[in-house]
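Student: This one is my_file_16.cif, mmCIF, C-alpha atoms and all ligand atoms.
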data_my_file
#
loop_
_atom_site.label_atom_id
_atom_site.label_comp_id
_atom_site.auth_asym_id
_atom_site.auth_seq_id
_atom_site.Cartn_x
_atom_site.Cartn_y
_atom_site.Cartn_z
CA MET A 239 -23.32 -74.79 -2.22
CA LEU A 240 -21.18 -74.71 0.90
CA THR A 241 -22.08 -73.59 4.41
CA ASP A 242 -19.62 -71.77 6.63
CA THR A 243 -20.89 -73.39 9.84
CA HIS A 244 -19.05 -71.05 12.22
CA CYS A 245 -18.14 -67.43 11.52
CA HIS A 246 -18.32 -64.30 13.63
CA LEU A 247 -20.37 -61.77 11.68
CA THR A 248 -20.63 -59.37 14.63
CA ASP A 249 -16.89 -58.74 14.43
CA ASP A 250 -15.35 -55.47 13.21
CA TYR A 251 -14.63 -56.80 9.69
CA CYS A 252 -18.39 -56.97 9.13
CA ALA A 253 -19.18 -53.55 10.56
CA GLY A 254 -21.62 -51.33 8.67
CA GLU A 255 -21.66 -51.80 4.91
CA ASN A 256 -18.81 -54.33 5.07
CA LEU A 257 -21.27 -57.05 6.01
CA ASP A 258 -22.99 -56.95 2.61
CA ASP A 259 -19.61 -57.19 0.85
CA VAL A 260 -18.63 -60.18 3.01
CA ILE A 261 -21.92 -61.93 2.17
CA THR A 262 -21.58 -61.10 -1.55
CA ARG A 263 -18.01 -62.44 -1.71
CA ALA A 264 -19.16 -65.62 0.06
CA ALA A 265 -22.05 -66.14 -2.38
CA ALA A 266 -19.71 -65.57 -5.35
CA ALA A 267 -17.50 -68.39 -4.03
CA GLY A 268 -20.51 -70.70 -3.68
CA VAL A 269 -20.71 -70.28 0.08
CA GLY A 270 -24.45 -69.76 0.20
CA ARG A 271 -25.24 -70.23 3.88
CA LEU A 272 -23.54 -68.71 6.92
CA ILE A 273 -23.92 -69.72 10.55
CA CYS A 274 -22.91 -66.89 12.82
CA ALA A 275 -21.56 -68.02 16.19
CA THR A 276 -21.53 -65.78 19.21
CA ALA A 277 -18.91 -65.82 21.93
CA GLU A 278 -19.59 -62.63 23.84
CA PRO A 279 -22.90 -62.24 25.70
CA HIS A 280 -23.55 -58.85 24.12
CA ASP A 281 -23.15 -60.22 20.57
CA ILE A 282 -26.23 -62.39 20.85
CA LEU A 283 -28.91 -59.83 19.98
CA PRO A 284 -26.87 -58.14 17.20
CA ALA A 285 -26.23 -61.58 15.64
CA ILE A 286 -29.94 -62.40 15.70
CA LYS A 287 -30.67 -59.05 14.08
CA ILE A 288 -28.30 -59.90 11.19
CA ALA A 289 -29.97 -63.29 10.71
CA GLU A 290 -33.45 -61.77 10.76
CA THR A 291 -32.66 -59.67 7.70
CA HIS A 292 -30.85 -62.40 5.68
CA ASP A 293 -32.59 -65.66 4.71
CA ASN A 294 -29.30 -67.55 4.40
CA ILE A 295 -27.84 -66.59 7.79
CA PHE A 296 -28.49 -68.50 11.02
CA VAL A 297 -27.12 -68.10 14.54
CA THR A 298 -25.74 -70.21 17.34
CA THR A 299 -25.89 -68.32 20.61
CA GLY A 300 -23.49 -69.01 23.43
CA ILE A 301 -21.04 -67.59 25.91
CA HIS A 302 -17.34 -68.37 25.56
CA PRO A 303 -15.40 -69.72 28.58
CA GLU A 304 -13.48 -66.43 28.84
CA TYR A 305 -16.72 -65.02 30.30
CA ALA A 306 -16.69 -67.52 33.17
CA GLY A 307 -18.70 -66.06 36.04
CA THR A 308 -21.48 -64.84 33.72
CA ASP A 309 -25.00 -66.16 34.32
CA PRO A 310 -26.04 -67.49 30.88
CA HIS A 311 -29.74 -67.39 31.79
CA ASN A 312 -29.58 -63.59 31.48
CA PHE A 313 -28.68 -63.91 27.80
CA LEU A 314 -30.00 -67.29 26.61
CA THR A 315 -33.56 -66.32 27.38
CA PRO A 316 -36.66 -68.23 26.22
CA ASP A 317 -37.16 -65.62 23.49
CA VAL A 318 -33.63 -66.17 22.18
CA LEU A 319 -33.84 -69.97 22.35
CA SER A 320 -37.16 -70.16 20.52
CA HIS A 321 -36.18 -67.62 17.85
CA PRO A 322 -36.49 -69.23 14.38
CA CYS A 323 -32.97 -68.05 13.40
CA VAL A 324 -31.31 -69.57 16.49
CA ILE A 325 -30.33 -73.13 15.54
CA GLY A 326 -27.84 -74.09 18.26
CA ILE A 327 -25.96 -73.13 21.41
CA GLY A 328 -22.36 -72.05 20.93
CA GLU A 329 -19.66 -71.39 21.15
CA ILE A 330 -19.40 -72.82 24.62
CA GLY A 331 -16.76 -74.97 26.29
CA LEU A 332 -13.47 -74.90 28.14
CA ASP A 333 -10.21 -73.09 27.49
CA TYR A 334 -7.24 -73.71 29.76
CA HIS A 335 -4.71 -72.30 27.32
CA GLY A 336 -3.92 -69.36 29.60
CA GLY A 337 -3.97 -71.55 32.72
CA ASP A 338 -6.88 -73.07 34.62
CA ASN A 339 -7.25 -70.66 37.57
CA ASP A 340 -10.90 -70.18 36.72
CA ARG A 341 -11.48 -73.87 35.94
CA LYS A 342 -14.42 -74.20 38.33
CA ALA A 343 -16.17 -71.10 36.99
CA GLN A 344 -15.58 -72.24 33.38
CA ILE A 345 -17.07 -75.65 34.14
CA LYS A 346 -20.09 -74.04 35.83
CA LEU A 347 -20.78 -71.78 32.83
CA PHE A 348 -20.28 -74.73 30.45
CA GLU A 349 -22.56 -77.09 32.38
CA GLU A 350 -25.29 -74.46 32.73
CA GLN A 351 -25.27 -73.83 28.98
CA LEU A 352 -25.36 -77.57 28.23
CA GLU A 353 -28.43 -77.85 30.43
CA ILE A 354 -30.04 -74.92 28.61
CA ALA A 355 -29.29 -76.64 25.28
CA ARG A 356 -30.75 -79.96 26.47
CA ASN A 357 -33.93 -78.28 27.67
CA ALA A 358 -34.30 -76.38 24.39
CA ASP A 359 -33.39 -79.50 22.36
CA LEU A 360 -30.68 -77.60 20.50
CA PRO A 361 -27.26 -78.93 19.40
CA VAL A 362 -24.10 -77.38 20.86
CA ALA A 363 -20.98 -75.95 19.18
CA ILE A 364 -18.00 -76.69 21.40
CA HIS A 365 -14.82 -74.73 21.91
CA THR A 366 -12.14 -76.77 23.68
CA ARG A 367 -8.50 -75.86 24.13
CA ASP A 368 -5.99 -77.67 26.34
CA ALA A 369 -8.92 -79.21 28.20
CA VAL A 370 -9.33 -82.69 26.68
CA SER A 371 -10.12 -84.68 29.81
CA ASP A 372 -12.61 -82.24 31.39
CA THR A 373 -14.32 -81.81 28.00
CA ALA A 374 -14.67 -85.58 27.58
CA ASP A 375 -15.97 -85.92 31.17
CA ILE A 376 -18.60 -83.21 30.86
CA LEU A 377 -19.86 -83.50 27.28
CA LYS A 378 -22.38 -86.31 27.61
CA ASN A 379 -26.01 -86.88 26.62
CA ILE A 380 -26.13 -84.09 24.08
CA ARG A 381 -25.63 -83.71 20.34
CA GLY A 382 -23.38 -81.20 18.69
CA VAL A 383 -20.14 -80.31 16.94
CA MET A 384 -16.54 -79.87 18.02
CA HIS A 385 -15.87 -76.49 16.41
CA CYS A 386 -12.47 -75.73 14.78
CA PHE A 387 -11.39 -79.21 15.85
CA THR A 388 -7.65 -79.57 16.53
CA SER A 389 -7.60 -81.75 19.65
CA GLY A 390 -6.46 -85.00 18.05
CA TRP A 391 -7.73 -88.56 17.85
CA GLU A 392 -7.80 -89.14 21.61
CA LEU A 393 -10.77 -86.80 22.01
CA ALA A 394 -12.11 -87.40 18.48
CA HIS A 395 -12.79 -91.09 18.98
CA VAL A 396 -14.53 -90.49 22.34
CA MET A 397 -16.79 -87.80 20.87
CA LEU A 398 -17.39 -89.83 17.69
CA ASP A 399 -18.80 -92.63 19.87
CA ARG A 400 -21.19 -90.03 21.29
CA GLY A 401 -22.36 -89.06 17.79
CA PHE A 402 -20.64 -85.70 17.59
CA TYR A 403 -19.70 -83.85 14.40
CA PHE A 404 -16.26 -82.31 13.81
CA SER A 405 -15.70 -79.00 12.12
CA ALA A 406 -12.62 -78.44 9.98
CA SER A 407 -11.36 -74.86 9.84
CA GLY A 408 -8.64 -73.11 7.82
CA ILE A 409 -6.08 -74.79 10.05
CA LEU A 410 -6.63 -77.96 7.96
CA THR A 411 -4.80 -76.19 5.12
CA PHE A 412 -1.75 -75.14 7.16
CA LYS A 413 1.56 -76.67 6.11
CA ASN A 414 2.41 -77.66 9.67
CA ALA A 415 -0.98 -79.27 10.38
CA ALA A 416 -0.25 -82.81 9.14
CA ASP A 417 -1.50 -84.24 12.45
CA ILE A 418 -4.87 -82.50 12.05
CA ARG A 419 -5.20 -83.76 8.47
CA GLU A 420 -4.46 -87.27 9.80
CA THR A 421 -7.21 -86.94 12.40
CA PHE A 422 -9.70 -85.81 9.73
CA GLU A 423 -8.61 -88.74 7.54
CA LYS A 424 -9.85 -91.05 10.29
CA ILE A 425 -13.11 -89.22 11.10
CA PRO A 426 -15.94 -90.63 8.92
CA ILE A 427 -17.01 -88.17 6.24
CA ASP A 428 -20.62 -88.22 7.45
CA HIS A 429 -19.49 -86.58 10.72
CA ILE A 430 -17.60 -83.62 9.25
CA VAL A 431 -18.66 -80.02 8.61
CA ILE A 432 -16.52 -77.01 7.68
CA GLU A 433 -16.08 -73.47 8.98
CA THR A 434 -13.82 -70.44 8.84
CA ASP A 435 -14.12 -69.19 12.45
CA SER A 436 -13.60 -65.84 10.72
CA PRO A 437 -12.01 -63.41 11.43
CA TYR A 438 -9.49 -65.96 12.77
CA CYS A 439 -7.42 -68.71 11.13
CA ALA A 440 -7.47 -67.66 7.44
CA PRO A 441 -6.60 -70.72 5.30
CA VAL A 442 -3.75 -71.02 2.82
CA PRO A 443 -3.35 -69.01 0.52
CA TYR A 444 -4.84 -66.21 2.63
CA ARG A 445 -2.79 -66.73 5.80
CA GLY A 446 -2.14 -63.49 7.67
CA LYS A 447 -5.21 -61.82 6.17
CA THR A 448 -8.51 -61.25 7.94
CA CYS A 449 -10.44 -64.44 7.43
CA GLU A 450 -13.94 -64.28 5.98
CA PRO A 451 -16.56 -66.84 4.96
CA PHE A 452 -15.70 -67.13 1.22
CA MET A 453 -12.37 -68.68 2.27
CA VAL A 454 -14.10 -71.82 3.58
CA ARG A 455 -13.81 -73.18 0.03
CA GLU A 456 -10.03 -73.58 0.59
CA THR A 457 -10.73 -75.85 3.57
CA ALA A 458 -13.22 -77.81 1.44
CA LYS A 459 -10.56 -78.31 -1.25
CA VAL A 460 -8.13 -79.86 1.22
CA LEU A 461 -10.87 -81.99 2.75
CA ALA A 462 -11.82 -83.26 -0.75
CA GLU A 463 -8.19 -84.31 -1.28
CA ILE A 464 -7.96 -86.05 2.10
CA LYS A 465 -11.21 -87.93 1.48
CA HIS A 466 -10.57 -88.63 -2.23
CA LEU A 467 -13.85 -86.99 -3.25
CA GLN A 468 -14.86 -84.73 -6.13
CA MET A 469 -15.89 -81.27 -4.95
CA ASP A 470 -19.55 -81.74 -5.95
CA GLU A 471 -19.73 -85.03 -4.04
CA LEU A 472 -18.16 -83.39 -1.00
CA GLU A 473 -20.55 -80.43 -1.20
CA SER A 474 -23.62 -82.63 -1.12
CA ILE A 475 -22.27 -84.71 1.79
CA LEU A 476 -21.40 -81.58 3.78
CA GLU A 477 -24.85 -80.13 3.08
CA GLN A 478 -26.50 -83.29 4.42
CA ASN A 479 -24.25 -83.25 7.51
CA THR A 480 -25.01 -79.58 8.17
CA LEU A 481 -28.76 -80.21 7.99
CA ASN A 482 -28.48 -83.29 10.21
CA LEU A 483 -26.50 -81.33 12.78
CA TYR A 484 -28.55 -78.13 12.72
CA GLN A 485 -32.02 -79.55 12.18
CA LYS A 486 -33.78 -76.22 12.80
CA ILE A 487 -32.46 -74.92 9.43
CA ARG A 488 -35.13 -77.03 7.70
CA GLN A 489 -38.03 -75.60 9.72
ZN ZN A 501 -15.47 -68.92 17.01
#
Using structure tokens, write down the structure from this file.

Tutor:
Amino acid sequence: MLTDTHCHLTDDYCAGENLDDVITRAAAAGVGRLICATAEPHDILPAIKIAETHDNIFVTTGIHPEYAGTDPHNFLTPDVLSHPCVIGIGEIGLDYHGGDNDRKAQIKLFEEQLEIARNADLPVAIHTRDAVSDTADILKNIRGVMHCFTSGWELAHVMLDRGFYFSASGILTFKNAADIRETFEKIPIDHIVIETDSPYCAPVPYRGKTCEPFMVRETAKVLAEIKHLQMDELESILEQNTLNLYQKIRQ
């Protein structure tokens, strides 16, 4: 069984009855556990509601850097943090892709959420884009995963020393992503998990389509090749890594 460790099930493609179809297609592809990440503050309660009614769905709750200026304490409340379905804080981080005019506000939101995660003893799922040095400076004394990791070895080796996990997305399968495959070749297999980040980044051969959790198997196939592993070996290693990262799943 595979876990899609980061998908957005509060997105439009899962609206209404579509959600059950998405879950059924995932199960049919052997993707038996889904971890729904939140990015928008108002997705947090709907995501928890989905997890409450499905035994194999868990949630990481967080506020994306595009909401810099938001007070996370209004959303990451004690009730949310102690909810049995909430297994981590994410996605949180820094994104300077569109410029860094709001750099200070992004860092404030990021640091506040890291403090919330530390106090709740929850791992973090990190979004970082064009922000390698600030991310490396800030992300200390916490455990977690670099979600949809594409930042290269420079950041990978720093975060590996700090015990972080690295999540491979559909981008690993892209023809022009040789550098990312090289980075994942170097990352030890016991520090890797996989995700779709659906509805974004559909893997080959589904590029251009709306991504959904069943497609994570395509990323697993490429990872198995890179690591010279049989699929069943890879599946059991990834399962162990997922449980080590998100320890609340076992509870
Ligand atoms: Zn995401």

Student: Write out as a list of chain:residue names the residues lying within 7 Å of range 408-421 of chain A, counting only C-alpha atoms and excluding same-chain residues fewer than 5 positions away.

Tutor: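 Here the answer would be A:Thr388, A:Gly390, A:Trp391, A:Thr434, A:Cys439, A:Ala440, A:Pro441, A:Val442, A:Thr457, A:Val460.
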
Student: Can you work out which residues are within 8 Å of ligand ZN 501 (chain A), considering all atoms listed in the file, and then hand them over as a list in words?

Tutor: His244, Cys245, His246, Ala275, Thr276, Ala277, Glu329, His365, His385, Cys386, Asp435, Ser436 and Tyr438 of chain A

Student: Write out, as CSV, each residue of range 336-402 of chain A that has an atom at most 8 Å from range 301-311 of chain A, together with the closest pair of atoms and their distance in Å to one decimal, counting all atoms listed in the file, rows going by chain and rising number.

Tutor:
residue,atom,partner,partner_atom,distance
A:Asp340,CA,A:Ala306,CA,7.3
A:Ala343,CA,A:Ala306,CA,5.3
A:Gln344,CA,A:Ala306,CA,4.9
A:Lys346,CA,A:Ala306,CA,7.8
A:Leu347,CA,A:Ala306,CA,5.9
A:Phe348,CA,A:Pro303,CA,7.2
A:Glu350,CA,A:Pro310,CA,7.3
A:Gln351,CA,A:Pro310,CA,6.7
A:His365,CA,A:His302,CA,7.8

Student: Would you please work out which residue, of A:Leu257, A:Val297, A:Ala266, A:Cys252, is nearest to Met453 in chain A when using only C-alpha atoms?

Tutor: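 Under the stated criterion, the closest residue is A:Ala266.
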
Student: Counting only C-alpha atoms, find the residues whose atoms lie at most 10 Å from (-25.4, -60.6, 14.9) (file coordinates) and write them out as a PyMOL selection string.

Tutor: chain A and resi 246-249+252+274-276+280-290+295-299

Student: Just how far from CA of Asp338 in chain A is CA of Phe404 in chain A, in Å to one decimal?

Tutor: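 For CA of Phe404 in chain A relative to CA of Asp338 in chain A, the distance reads 24.6 Å.
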
Student: Name the residues in contact with Leu472 in chain A at a cut-off of 12 Å, using all atoms listed in the file, excluding same-chain residues fewer than 6 positions from it; report them as a list of chain:residue names.

Tutor: A:Met239, A:Leu240, A:Thr241, A:Ile427, A:Asp428, A:Ile430, A:Val431, A:Ile432, A:Arg455, A:Thr457, A:Ala458, A:Lys459, A:Val460, A:Leu461, A:Ala462, A:Glu463, A:Ile464, A:Lys465, A:His466, A:Gln478, A:Asn479

Student: With all atoms listed in the file as the basis for distance, which of A:Gly300, A:Pro316, A:Pro279, A:Gly401 is at the shortest distance from Lys378 in chain A?

Tutor: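 Residue with the minimum atom-to-atom distance to Lys378 in chain A: A:Gly401.
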